[in-house]
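Visitor: I'm passing along run-v9.cif; it holds mmCIF, C-alpha atoms and all ligand atoms.
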```
data_final
#
loop_
_atom_site.label_atom_id
_atom_site.label_comp_id
_atom_site.auth_asym_id
_atom_site.auth_seq_id
_atom_site.Cartn_x
_atom_site.Cartn_y
_atom_site.Cartn_z
CA MET N 21 60.11 76.85 137.23
CA ARG N 22 59.73 78.04 140.82
CA ARG N 23 63.47 77.92 141.24
CA HIS N 24 63.83 80.02 138.09
CA VAL N 25 61.63 82.67 139.55
CA ALA N 26 63.35 82.44 142.90
CA ALA N 27 66.73 82.70 141.25
CA SER N 28 65.75 85.70 139.16
CA LYS N 29 64.67 87.46 142.39
CA ASN N 30 67.96 86.65 144.03
CA LYS N 31 69.83 89.90 144.57
CA ARG N 32 73.12 88.15 143.98
CA ALA N 33 72.08 87.12 140.45
CA PRO N 34 73.96 89.08 137.77
CA LYS N 35 72.07 92.26 136.92
CA ARG N 36 72.36 91.78 133.19
CA ALA N 37 71.43 88.12 133.37
CA ARG N 38 68.25 88.32 131.35
CA CYS N 39 70.02 90.05 128.49
CA CYS N 40 72.25 87.02 128.17
CA ILE N 41 69.40 85.02 126.68
CA PHE N 42 69.63 86.97 123.46
CA PRO N 43 73.00 88.76 123.63
CA GLY N 44 73.17 92.22 122.16
CA ARG N 45 69.47 92.53 121.59
CA GLU N 46 66.69 94.60 123.16
CA LYS N 47 64.29 92.49 125.20
CA ARG N 48 61.24 93.25 123.03
CA GLU N 49 62.94 92.71 119.71
CA PRO N 50 61.68 89.57 117.93
CA PRO N 51 64.03 86.61 118.46
CA ARG N 52 66.72 86.16 115.82
CA SER N 53 68.76 83.44 117.33
CA LEU N 54 68.74 81.73 120.68
CA PHE N 55 72.49 81.60 120.74
CA HIS N 56 74.72 83.63 118.51
CA PRO N 57 77.42 81.50 116.93
CA LEU N 58 80.45 81.52 119.19
CA PRO N 59 84.00 80.54 118.24
CA SER N 60 85.10 77.16 119.55
CA SER N 61 87.56 78.82 121.94
CA THR N 62 84.56 79.97 123.94
CA PHE N 63 83.40 76.40 124.48
CA THR N 64 83.55 76.63 128.28
CA PHE N 65 81.62 79.86 128.35
CA ASN N 66 79.18 78.36 125.92
CA LEU N 67 78.53 75.34 128.09
CA PHE N 68 78.20 77.44 131.22
CA PHE N 69 75.93 79.80 129.37
CA SER N 70 73.52 77.13 128.19
CA PHE N 71 73.44 75.51 131.62
CA PHE N 72 72.91 78.81 133.43
CA PHE N 73 70.33 79.88 130.90
CA SER N 74 68.34 76.70 131.26
CA LEU N 75 68.37 76.80 135.05
CA PHE N 76 67.43 80.36 135.79
CA PHE N 77 65.30 81.79 133.06
CA LEU N 78 62.17 81.36 131.06
CA SER N 79 59.30 81.62 133.47
CA SER N 80 57.07 84.03 131.59
CA ARG N 81 54.94 83.24 128.62
CA ALA N 82 56.70 85.88 126.55
CA GLU N 83 60.07 84.31 127.30
CA ILE N 84 58.81 80.87 126.34
CA ALA N 85 57.30 82.36 123.17
CA ALA N 86 60.70 83.86 122.34
CA VAL N 87 62.27 80.42 122.61
CA TYR N 88 59.48 78.80 120.59
CA ASP N 89 59.84 81.42 117.83
CA THR N 90 63.59 81.00 117.46
CA PRO N 91 64.71 79.81 113.99
CA LEU N 92 64.44 76.04 114.16
CA LEU N 93 68.09 75.11 113.69
CA ASP N 94 69.19 77.62 116.33
CA LEU N 95 66.51 76.32 118.66
CA ALA N 96 67.46 72.69 118.04
CA PHE N 97 71.14 73.53 118.61
CA ALA N 98 70.40 75.34 121.87
CA ALA N 99 68.07 72.58 123.03
CA ALA N 100 70.73 69.97 122.24
CA ARG N 101 73.19 71.83 124.44
CA VAL N 102 70.70 72.06 127.29
CA HIS N 103 69.94 68.36 126.79
CA ARG N 104 73.61 67.37 127.00
CA ALA N 105 74.11 69.45 130.12
CA HIS N 106 71.32 67.56 131.93
CA HIS N 107 71.04 64.09 130.39
CA ASP N 108 72.98 61.34 128.69
CA PRO N 109 71.94 62.15 125.10
CA ALA N 110 72.26 58.52 124.02
CA MET N 111 69.77 57.29 126.60
CA VAL N 112 66.11 56.95 125.65
CA GLN N 113 63.42 55.54 127.91
CA ARG N 114 61.13 52.92 126.42
CA CYS N 115 57.59 52.70 127.82
CA THR N 116 54.83 50.32 126.82
CA LEU N 117 51.18 51.32 126.94
CA LEU N 118 48.24 49.06 127.66
CA SER N 119 44.58 50.01 127.62
CA ILE N 120 43.14 48.25 130.67
CA LYS N 121 39.64 49.64 130.13
CA THR N 122 38.77 50.62 126.60
CA GLY N 123 36.03 52.92 125.30
CA GLY N 124 32.69 54.03 126.73
CA CYS N 125 34.22 57.06 128.43
CA PRO N 126 31.70 59.65 129.71
CA GLU N 127 34.00 62.58 128.80
CA ASP N 128 33.79 64.25 125.38
CA CYS N 129 37.44 65.04 124.53
CA GLY N 130 37.32 65.89 120.82
CA TYR N 131 40.46 63.98 119.88
CA CYS N 132 39.65 60.73 121.64
CA SER N 133 38.52 57.46 120.11
CA GLN N 134 37.25 56.29 123.48
CA SER N 135 34.59 58.88 124.23
CA SER N 136 31.04 57.53 124.29
CA HIS N 137 30.00 60.85 122.74
CA HIS N 138 31.68 59.97 119.43
CA LYS N 139 29.27 57.35 118.13
CA LYS N 140 30.82 57.03 114.68
CA VAL N 141 34.16 55.73 115.94
CA ASP N 142 34.74 52.09 115.08
CA LEU N 143 35.73 50.88 118.55
CA VAL N 144 34.32 48.14 120.73
CA ALA N 145 34.11 49.14 124.38
CA GLU N 146 35.57 46.65 126.83
CA ARG N 147 35.30 46.04 130.56
CA LEU N 148 38.23 46.41 132.94
CA ALA N 149 40.90 43.86 131.97
CA ASP N 150 41.61 40.91 134.22
CA LEU N 151 44.74 40.77 136.31
CA ASP N 152 46.42 37.91 134.52
CA SER N 153 46.13 39.42 131.04
CA VAL N 154 47.67 42.66 132.30
CA TYR N 155 50.47 40.83 134.07
CA GLU N 156 51.24 38.84 130.90
CA ALA N 157 51.28 42.01 128.80
CA ALA N 158 53.73 43.57 131.26
CA LEU N 159 55.92 40.46 131.14
CA ARG N 160 56.00 40.68 127.33
CA ALA N 161 56.84 44.37 127.49
CA LYS N 162 59.68 43.72 129.90
CA ALA N 163 61.02 40.87 127.75
CA ALA N 164 60.96 43.23 124.75
CA GLY N 165 63.08 45.77 126.63
CA SER N 166 60.57 48.26 128.00
CA THR N 167 61.30 49.54 131.48
CA ARG N 168 58.07 51.43 132.17
CA PHE N 169 54.58 50.00 131.81
CA CYS N 170 51.72 52.48 131.53
CA MET N 171 48.12 51.39 132.00
CA GLY N 172 45.31 53.60 130.70
CA ALA N 173 41.60 53.55 131.49
CA ALA N 174 38.87 55.36 129.58
CA TRP N 175 37.40 56.83 132.71
CA ARG N 176 36.57 60.30 133.93
CA GLY N 177 38.29 58.94 137.00
CA PRO N 178 38.32 55.98 139.39
CA SER N 179 35.47 57.59 141.37
CA GLN N 180 33.08 56.35 138.67
CA VAL N 181 33.81 52.70 139.51
CA GLY N 182 33.14 50.53 142.55
CA PRO N 183 35.68 49.36 145.14
CA ARG N 184 36.25 45.95 143.51
CA GLN N 185 37.41 47.44 140.21
CA TRP N 186 39.55 49.98 142.01
CA GLU N 187 41.17 47.27 144.10
CA ARG N 188 41.90 45.36 140.88
CA VAL N 189 43.69 48.38 139.44
CA LEU N 190 45.75 48.72 142.63
CA GLU N 191 46.65 45.04 142.38
CA MET N 192 47.71 45.56 138.74
CA VAL N 193 50.07 48.27 139.94
CA ARG N 194 51.50 46.00 142.66
CA ARG N 195 52.05 43.12 140.28
CA VAL N 196 53.71 45.13 137.55
CA ARG N 197 55.95 46.85 140.08
CA GLY N 198 56.78 43.40 141.40
CA LEU N 199 58.27 42.66 137.98
CA GLY N 200 60.88 45.33 138.58
CA MET N 201 59.30 47.72 136.08
CA GLU N 202 58.44 51.37 136.59
CA VAL N 203 54.65 51.61 136.68
CA CYS N 204 52.54 54.45 135.35
CA THR N 205 48.76 54.75 135.16
CA THR N 206 46.46 57.21 133.44
CA LEU N 207 42.97 56.81 134.88
CA GLY N 208 41.53 60.34 134.68
CA MET N 209 40.79 62.61 137.64
CA LEU N 210 42.13 61.52 141.01
CA THR N 211 41.30 62.53 144.54
CA PRO N 212 44.24 62.95 146.93
CA ALA N 213 43.17 59.71 148.68
CA GLN N 214 43.21 57.76 145.40
CA ALA N 215 46.64 59.17 144.55
CA ALA N 216 47.90 58.06 147.97
CA GLN N 217 46.52 54.53 147.41
CA LEU N 218 48.29 54.33 144.06
CA ARG N 219 51.53 55.41 145.64
CA GLU N 220 51.09 52.84 148.39
CA ALA N 221 50.60 50.18 145.71
CA GLY N 222 53.95 51.12 144.21
CA LEU N 223 53.03 53.53 141.40
CA THR N 224 56.01 55.33 139.90
CA ALA N 225 54.25 58.00 137.84
CA TYR N 226 50.80 59.23 136.91
CA ASN N 227 50.05 60.53 133.42
CA HIS N 228 47.53 63.35 133.23
CA ASN N 229 47.86 65.71 130.29
CA VAL N 230 46.72 69.31 130.23
CA ASP N 231 46.58 68.82 126.45
CA THR N 232 46.78 72.49 125.35
CA SER N 233 46.68 76.09 126.59
CA PRO N 234 44.11 77.16 129.21
CA GLU N 235 42.35 79.39 126.62
CA PHE N 236 42.00 76.68 124.00
CA TYR N 237 40.94 73.95 126.37
CA ALA N 238 37.18 74.62 126.06
CA LYS N 239 37.47 73.73 122.35
CA VAL N 240 38.93 70.35 123.29
CA SER N 241 36.58 69.14 126.01
CA SER N 242 33.33 70.47 127.50
CA THR N 243 32.92 67.91 130.27
CA ARG N 244 36.01 68.78 132.26
CA THR N 245 37.98 71.94 132.93
CA TYR N 246 41.61 72.96 132.92
CA ALA N 247 41.28 73.57 136.67
CA ASP N 248 40.15 69.92 137.06
CA ARG N 249 43.32 68.79 135.30
CA LEU N 250 45.53 70.95 137.51
CA ALA N 251 43.77 69.71 140.66
CA THR N 252 44.59 66.12 139.74
CA LEU N 253 48.21 67.04 139.06
CA ALA N 254 48.32 68.62 142.53
CA ALA N 255 46.85 65.46 144.08
CA VAL N 256 49.44 63.32 142.29
CA ALA N 257 52.35 65.50 143.35
CA GLY N 258 50.94 65.77 146.88
CA ALA N 259 50.96 61.98 147.20
CA GLY N 260 54.62 61.85 146.20
CA VAL N 261 53.92 60.22 142.82
CA SER N 262 55.91 61.46 139.81
CA VAL N 263 53.93 63.73 137.54
CA CYS N 264 53.81 62.87 133.84
CA ALA N 265 52.03 65.74 132.10
CA GLY N 266 52.12 66.94 128.53
CA GLY N 267 49.86 67.75 125.64
CA ILE N 268 48.80 67.24 122.06
CA ILE N 269 49.84 69.14 118.94
CA GLY N 270 47.33 69.25 116.08
CA LEU N 271 44.07 69.95 117.92
CA GLY N 272 43.54 73.09 115.82
CA GLU N 273 45.52 75.22 118.25
CA GLY N 274 47.81 78.04 117.20
CA PRO N 275 51.44 78.66 118.13
CA ALA N 276 50.32 80.76 121.13
CA ASP N 277 48.43 77.74 122.48
CA ARG N 278 51.50 75.53 122.14
CA VAL N 279 53.44 78.14 124.06
CA GLY N 280 50.58 78.30 126.60
CA LEU N 281 50.72 74.52 127.03
CA LEU N 282 54.47 74.58 127.68
CA HIS N 283 54.07 77.58 129.97
CA THR N 284 51.51 75.70 132.09
CA LEU N 285 53.84 72.72 132.39
CA ALA N 286 56.94 74.79 133.06
CA THR N 287 55.22 76.79 135.82
CA LEU N 288 53.81 73.87 137.79
CA PRO N 289 55.19 73.87 141.36
CA ALA N 290 57.84 71.39 140.12
CA HIS N 291 58.64 70.53 136.53
CA PRO N 292 56.98 67.24 135.56
CA GLU N 293 59.21 64.20 135.75
CA SER N 294 57.99 63.40 132.20
CA VAL N 295 56.47 65.54 129.47
CA PRO N 296 54.73 63.60 126.69
CA ILE N 297 54.46 65.52 123.43
CA ASN N 298 51.71 63.85 121.39
CA ALA N 299 50.84 64.58 117.78
CA LEU N 300 47.12 64.14 117.23
CA VAL N 301 46.21 60.70 115.92
CA ALA N 302 43.19 61.81 113.88
CA VAL N 303 40.81 58.92 114.50
CA PRO N 304 37.92 58.57 112.00
CA GLY N 305 34.59 59.33 113.67
CA THR N 306 36.03 61.83 116.19
CA PRO N 307 35.26 65.56 115.79
CA MET N 308 38.95 66.09 114.97
CA GLU N 309 39.20 63.44 112.26
CA GLY N 310 39.78 66.08 109.55
CA ASN N 311 42.39 68.15 111.39
CA PRO N 312 45.48 68.85 109.32
CA PRO N 313 48.39 66.89 110.80
CA PRO N 314 51.18 68.86 112.45
CA SER N 315 54.45 68.63 110.53
CA GLY N 316 57.43 66.72 111.85
CA LEU N 317 59.22 70.02 112.27
CA ASP N 318 56.31 71.38 114.35
CA ILE N 319 56.85 68.43 116.67
CA VAL N 320 60.60 69.04 116.78
CA ARG N 321 59.97 72.69 117.66
CA CYS N 322 57.70 71.72 120.56
CA VAL N 323 60.15 69.09 121.80
CA ALA N 324 63.07 71.51 121.62
CA THR N 325 61.15 74.25 123.43
CA ALA N 326 60.07 71.77 126.11
CA ARG N 327 63.70 70.74 126.55
CA VAL N 328 64.89 74.33 126.97
CA VAL N 329 62.16 75.34 129.41
CA MET N 330 62.14 72.08 131.42
CA PRO N 331 65.79 71.04 131.23
CA ALA N 332 65.73 68.09 133.62
CA SER N 333 62.39 66.56 132.61
CA VAL N 334 62.14 63.48 130.43
CA VAL N 335 60.53 64.60 127.16
CA ARG N 336 58.55 61.83 125.50
CA LEU N 337 57.99 61.65 121.76
CA SER N 338 54.54 60.12 122.12
CA ALA N 339 51.46 59.53 119.96
CA GLY N 340 51.94 60.21 116.26
CA ARG N 341 55.55 58.99 116.18
CA LYS N 342 54.53 56.38 113.63
CA GLU N 343 54.02 59.20 111.11
CA LEU N 344 57.37 60.86 111.81
CA SER N 345 60.22 60.19 109.40
CA PRO N 346 63.45 58.73 110.80
CA GLY N 347 65.06 62.10 110.08
CA ASP N 348 62.46 64.03 112.07
CA GLN N 349 62.77 61.58 114.94
CA ALA N 350 66.54 61.90 114.86
CA LEU N 351 66.25 65.70 115.03
CA ALA N 352 63.79 65.37 117.93
CA PHE N 353 66.24 63.12 119.83
CA LEU N 354 69.04 65.57 119.14
CA ALA N 355 66.86 68.43 120.38
CA GLY N 356 65.99 66.75 123.65
CA ALA N 357 63.46 63.95 123.28
CA ASN N 358 64.54 61.09 125.52
CA SER N 359 61.59 58.76 125.85
CA VAL N 360 59.22 56.94 123.51
CA PHE N 361 56.28 54.59 123.63
CA ASP N 362 57.32 51.32 122.07
CA GLY N 363 55.34 48.24 121.12
CA ASP N 364 52.70 47.64 118.46
CA LYS N 365 49.94 49.68 120.00
CA LEU N 366 49.38 52.91 121.89
CA LEU N 367 45.98 52.65 123.61
CA THR N 368 43.61 52.08 120.71
CA THR N 369 45.75 53.03 117.71
CA ALA N 370 48.88 51.65 116.07
CA ASN N 371 52.34 52.65 117.22
CA ALA N 372 55.68 52.84 115.41
CA ASP N 373 56.97 49.46 114.27
CA ARG N 374 59.27 47.72 116.77
CA ASP N 375 61.76 46.59 114.10
CA ASP N 376 61.91 50.11 112.65
CA ASP N 377 62.58 51.40 116.16
CA ALA N 378 65.37 48.90 116.69
CA ALA N 379 66.95 49.96 113.38
CA LEU N 380 66.62 53.65 114.27
CA PHE N 381 68.11 53.18 117.74
CA GLY N 382 70.98 51.26 116.16
CA ALA N 383 71.62 53.88 113.47
CA LEU N 384 71.53 56.74 116.00
CA GLY N 385 73.53 54.93 118.69
CA LEU N 386 70.70 55.18 121.21
CA LYS N 387 70.48 52.89 124.23
CA SER N 388 67.60 52.11 126.57
CA ARG N 389 67.30 53.94 129.88
CA PRO N 390 67.40 51.42 132.75
CA ALA N 391 64.42 51.25 135.10
CA PHE N 392 64.64 53.31 138.30
CA LEU N 393 67.52 55.47 137.23
CA PRO N 394 66.87 58.55 139.40
CA TYR N 395 64.96 61.33 137.65
CA GLY N 396 66.20 64.88 137.49
CA ALA N 397 62.79 66.59 137.64
CA GLY N 398 59.77 66.34 139.91
CA SER N 399 59.30 66.92 143.60
CA GLU N 400 61.90 65.43 145.97
CA THR N 401 59.51 62.87 147.43
CA SER N 402 58.32 61.68 144.03
CA ARG N 403 61.89 61.34 142.78
CA ALA N 404 62.78 59.21 145.76
CA GLY N 405 59.59 57.17 145.40
CA ALA N 406 60.38 56.52 141.75
CA VAL N 407 63.53 54.56 142.51
CA GLU N 408 63.48 50.88 143.44
CA GLY N 409 62.58 50.55 147.10
CA GLY N 410 60.63 53.82 147.23
CA ALA N 411 61.42 56.87 149.37
CA GLY N 412 62.14 54.71 152.41
CA GLY N 413 64.53 52.32 150.65
CA ALA N 414 68.26 52.70 150.34
CA ALA N 415 68.07 53.84 146.72
CA GLY N 416 65.32 56.31 147.62
CA GLN N 417 67.41 57.74 150.43
CA ARG N 418 70.37 58.10 148.03
CA ALA N 419 68.10 59.96 145.59
CA LEU N 420 67.00 62.30 148.38
CA ALA N 421 70.56 62.87 149.62
N1 LIG P 1 41.01 59.07 130.54
C1 LIG P 1 42.23 59.48 131.03
C2 LIG P 1 42.51 60.95 130.77
O1 LIG P 1 41.91 61.53 129.90
O2 LIG P 1 43.36 61.50 131.48
C3 LIG P 1 43.40 58.68 130.55
C4 LIG P 1 43.46 58.16 129.15
S1 LIG P 1 43.69 59.38 127.88
C5 LIG P 1 43.44 58.40 126.46
C6 LIG P 1 45.42 59.76 127.94
C7 LIG P 1 45.90 60.87 127.08
O3 LIG P 1 46.15 60.40 125.79
C8 LIG P 1 45.00 62.06 126.87
O4 LIG P 1 45.06 62.95 127.94
C9 LIG P 1 45.54 62.67 125.61
O5 LIG P 1 46.49 63.68 125.91
C10 LIG P 1 46.19 61.49 124.89
N2 LIG P 1 45.42 61.12 123.68
C11 LIG P 1 44.24 60.50 123.67
N3 LIG P 1 43.80 60.33 122.40
C12 LIG P 1 44.75 60.86 121.60
C13 LIG P 1 44.87 61.00 120.19
N4 LIG P 1 43.93 60.59 119.36
N5 LIG P 1 45.97 61.59 119.69
C14 LIG P 1 46.95 62.03 120.54
N6 LIG P 1 46.87 61.92 121.88
C15 LIG P 1 45.79 61.36 122.41
C1 LIG P 2 50.16 60.22 126.50
O1 LIG P 2 50.52 61.40 126.63
N1 LIG P 2 49.98 59.60 125.33
C2 LIG P 2 49.54 58.26 125.51
C3 LIG P 2 49.59 58.09 127.05
N2 LIG P 2 49.93 59.39 127.49
C4 LIG P 2 48.49 57.51 127.77
C5 LIG P 2 48.22 57.97 124.88
C6 LIG P 2 48.23 58.18 123.41
C7 LIG P 2 46.91 57.76 122.87
C8 LIG P 2 46.88 57.80 121.37
C9 LIG P 2 45.56 57.42 120.81
C10 LIG P 2 45.15 56.02 121.09
O2 LIG P 2 45.92 55.05 120.87
O3 LIG P 2 43.98 55.83 121.47
FE1 LIG P 3 37.90 59.76 128.24
FE2 LIG P 3 40.51 60.21 128.59
FE3 LIG P 3 39.47 59.87 126.13
FE4 LIG P 3 38.91 62.09 127.45
S1 LIG P 3 40.95 61.43 126.76
S2 LIG P 3 37.44 60.81 126.32
S3 LIG P 3 38.81 61.32 129.54
S4 LIG P 3 39.58 58.36 127.74
#
```
Spit out the file's structure as structure tokens when you get a sec.
Ligand code: SAM
Ligand code: DTB
Ligand code: SF4

Guide:
Amino acid sequence: MRRHVAASKNKRAPKRARCCIFPGREKREPPRSLFHPLPSSTFTFNLFFSFFFSLFFLSSRAEIAAVYDTPLLDLAFAAARVHRAHHDPAMVQRCTLLSIKTGGCPEDCGYCSQSSHHKKVDLVAERLADLDSVYEAALRAKAAGSTRFCMGAAWRGPSQVGPRQWERVLEMVRRVRGLGMEVCTTLGMLTPAQAAQLREAGLTAYNHNVDTSPEFYAKVSSTRTYADRLATLAAVAGAGVSVCAGGIIGLGEGPADRVGLLHTLATLPAHPESVPINALVAVPGTPMEGNPPPSGLDIVRCVATARVVMPASVVRLSAGRKELSPGDQALAFLAGANSVFDGDKLLTTANADRDDDAALFGALGLKSRPAFLPYGAGSETSRAGAVEGGAGGAAGQRALA
């Protein structure tokens, strides 16, 4: 979003630029339509308009709220145009998750099955997985067509474990990367030194979600702060690792919190390479077990808004996809989702069925995103590091060029 702000300060920018977002309307008027219907003869203008709009605007919370509040079909249409200006709309990334250390987490995140605070959850805590079992799981994921392998640990962060466990995690990263897969981990809070070690081991991306708006965050977790989350994201970006950061819909938050979540993400120093949009999986025994589920259209609205405000990021339709109808998923792909978790399991809960996914991809004409295709969002060093060979390799140098 920094470049949006910079561009809006640029004296050469058209003076009436901001009015173009909602043509013919006062700035404070509630949003009617993101784009007024334009005759087909204005196609070129239309394309330019959506591209320009997505590059230079939408840095304030009010502007993001205006997008979020747009009538859904107008929003989905606008998001689809932004999507097509920045991505191949048929290409969807497939990532596989593996829990490498399950349960017994000292944090108290209200949604999470793995917190040791939620004693009624039916989950058996496990020690850190061994190297071979992780390697075999990655091999299976690759054989099934996944290009990114994401390993999650129920930790506050690696600082809570000793050097031998940490070294094992680094070796997991090396071995999975050695398979020619993109590697992601989500291990909780990181220090800059830990982020640098992960990068050295070959990590492509680090997932660390801010979950919701800054104001609502205290209702989600009491053992960590929003500032903690942002500090880890800074450590990740500082080490040149791609940032994967998103949130959860269905925590009991209101529309303003969803806007606040997207505003946080869209105003990071660089847009995240990936933005996972999770729908709460209401796990029995967690404090949020009775939360009403968000509707499929709520998810589509969040995906579409994320696409408009972070045009080049990969937007991942994440937890909760199992409960989405094929129609809702199709609308989400149209409105900008371009990544999913595939495979039987997320971390501790069931994922969408693989055969159903294959049928849906076939029906929609979707194809898998190859590993190490350069990413459009993220800092320059992380984008170069995320291609085969890293920033120093030939592909990395091409990505930086
Ligand atoms: N412990 C690390 C952390 O909190 O960053 C990594 C693992 S944690 C399980 C990864 C992310 O999964 C969380 O940040 C949260 O956004 C998401 N998540 C966890 N449980 C979820 C649930 N029940 N429904 C939806 N998303 C969930
Ligand atoms: C993310 O945003 N969603 C994934 C991944 N990053 C690590 C986790 C979803 C977890 C869903 C609940 C579970 O299976 O425990
Ligand atoms: Fe622990 Fe992560 Fe679950 Fe929070 S979300 S309880 S930090 S595993």

Visitor: Which residues are near range 330-341 of chain N? Cut-off 8 Å, only C-alpha atoms, ignore same chain within fewer than 4 positions. Put them as a ChimeraX atom specification.

Guide: /N:21,74-75,102-103,106-107,286,291-301,323,326,349,352,356-361,366,371-372,395-398

Visitor: Hey, can you check how far CA of Ser388 in chain N sits from CA of Leu118 in chain N?

Guide: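 Straight-line distance from CA of Ser388 in chain N to CA of Leu118 in chain N works out to 19.6 Å.
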
Visitor: Show me the residues close to (54.7, 64.1, 141.5) - anything with an atom within 8 Å, counting only C-alpha atoms - and format the list as a list in words.

Guide: Ala225, Tyr226, Leu253, Ala254, Val256, Ala257, Gly258, Ala259, Gly260, Val261, Ser262, Val263, Cys264, Pro292, Glu293, Gly398, Ser399, Thr401, Ser402 and Arg403 of chain N

Visitor: Kindly give the distance, in Å, that separates CA of Ser242 in chain N and CA of Glu127 in chain N, rounded to a single decimal.

Guide: 8.0 Å

Visitor: Under the rule that all atoms listed in the file are counted, which of N:Met111, N:Ala370, N:Leu151, N:Ala164 is the nearest residue to ligand LIG 2 (chain P)?

Guide: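 Using all atoms listed in the file, ligand LIG 2 (chain P) sits closest to N:Ala370.
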
Visitor: Taking all atoms listed in the file and a cut-off of 8 Å, can you tell me which residues surround ligand LIG 1 (chain P), written as a PyMOL selection string?

Guide: chain N and resi 125+129+131-134+172-177+206-209+227-231+266-269+298-303+338-340+367+369

Visitor: In Å to one decimal, how far is CA of Asp128 in chain N from CA of Arg147 in chain N?

Guide: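 The value is 19.0 Å.
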
Visitor: Which one is closest to Arg219 in chain N: N:Leu344, N:Ala406, N:Ala379, N:Leu285? Count only C-alpha atoms.

Guide: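 Of N:Leu344, N:Ala406, N:Ala379, N:Leu285, the one nearest Arg219 in chain N is N:Ala406, counting only C-alpha atoms.
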
Visitor: Point out the residue among N:Thr90, N:Thr243, N:Val189, N:Arg101 with the least atom-to-atom distance to ligand LIG 3 (chain P), counting all atoms listed in the file.

Guide: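 So, comparing all the options, the nearest one is N:Thr243.
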
Visitor: Which residue out of N:Pro346, N:Pro289, N:Gly130, N:Pro307 has the minimum interatomic distance to ligand LIG 3 (chain P) when all atoms listed in the file are used?

Guide: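 Smallest separation from ligand LIG 3 (chain P) among the options: N:Gly130.
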
Visitor: Return the padded bounding box of range 192-200 of chain N as AutoDock Vina command-line options: axis-aligned, built from all atoms listed in the file, 4 Å added on each side, with centre and edge lengths in Å to one decimal.

Guide:
```
--center_x 54.3 --center_y 45.5 --center_z 140.1 --size_x 21.2 --size_y 13.6 --size_z 13.1
```

Visitor: So, counting only C-alpha atoms and all ligand atoms, which residue among N:Leu393, N:Ala110, N:Ala96, N:Ala145 is closest to ligand LIG 3 (chain P)?

Guide: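 For ligand LIG 3 (chain P), the nearest of the given residues is N:Ala145.
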
Visitor: Name the residues in contact with Ser315 in chain N at a cut-off of 10 Å, using all atoms listed in the file, excluding same-chain residues fewer than 2 positions from it; report them as a count of residues only.

Guide: 13

Visitor: Write out as JSON, numbers by chain each polymer residue whose atoms come within 8 Å of Val203 in chain N, counting only C-alpha atoms; drop sequence neighbours fewer than 6 positions from it.

Guide: {"N": [168, 169, 170, 193, 196, 197, 222, 223, 224, 225]}

Visitor: I need the residue nearest ligand LIG 3 (chain P) from this list: N:Thr205, N:Ser241, N:Ser80, N:Gln217. Use all atoms listed in the file for the distance.

Guide: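 The shortest atom-to-atom distance to ligand LIG 3 (chain P) comes from N:Ser241.
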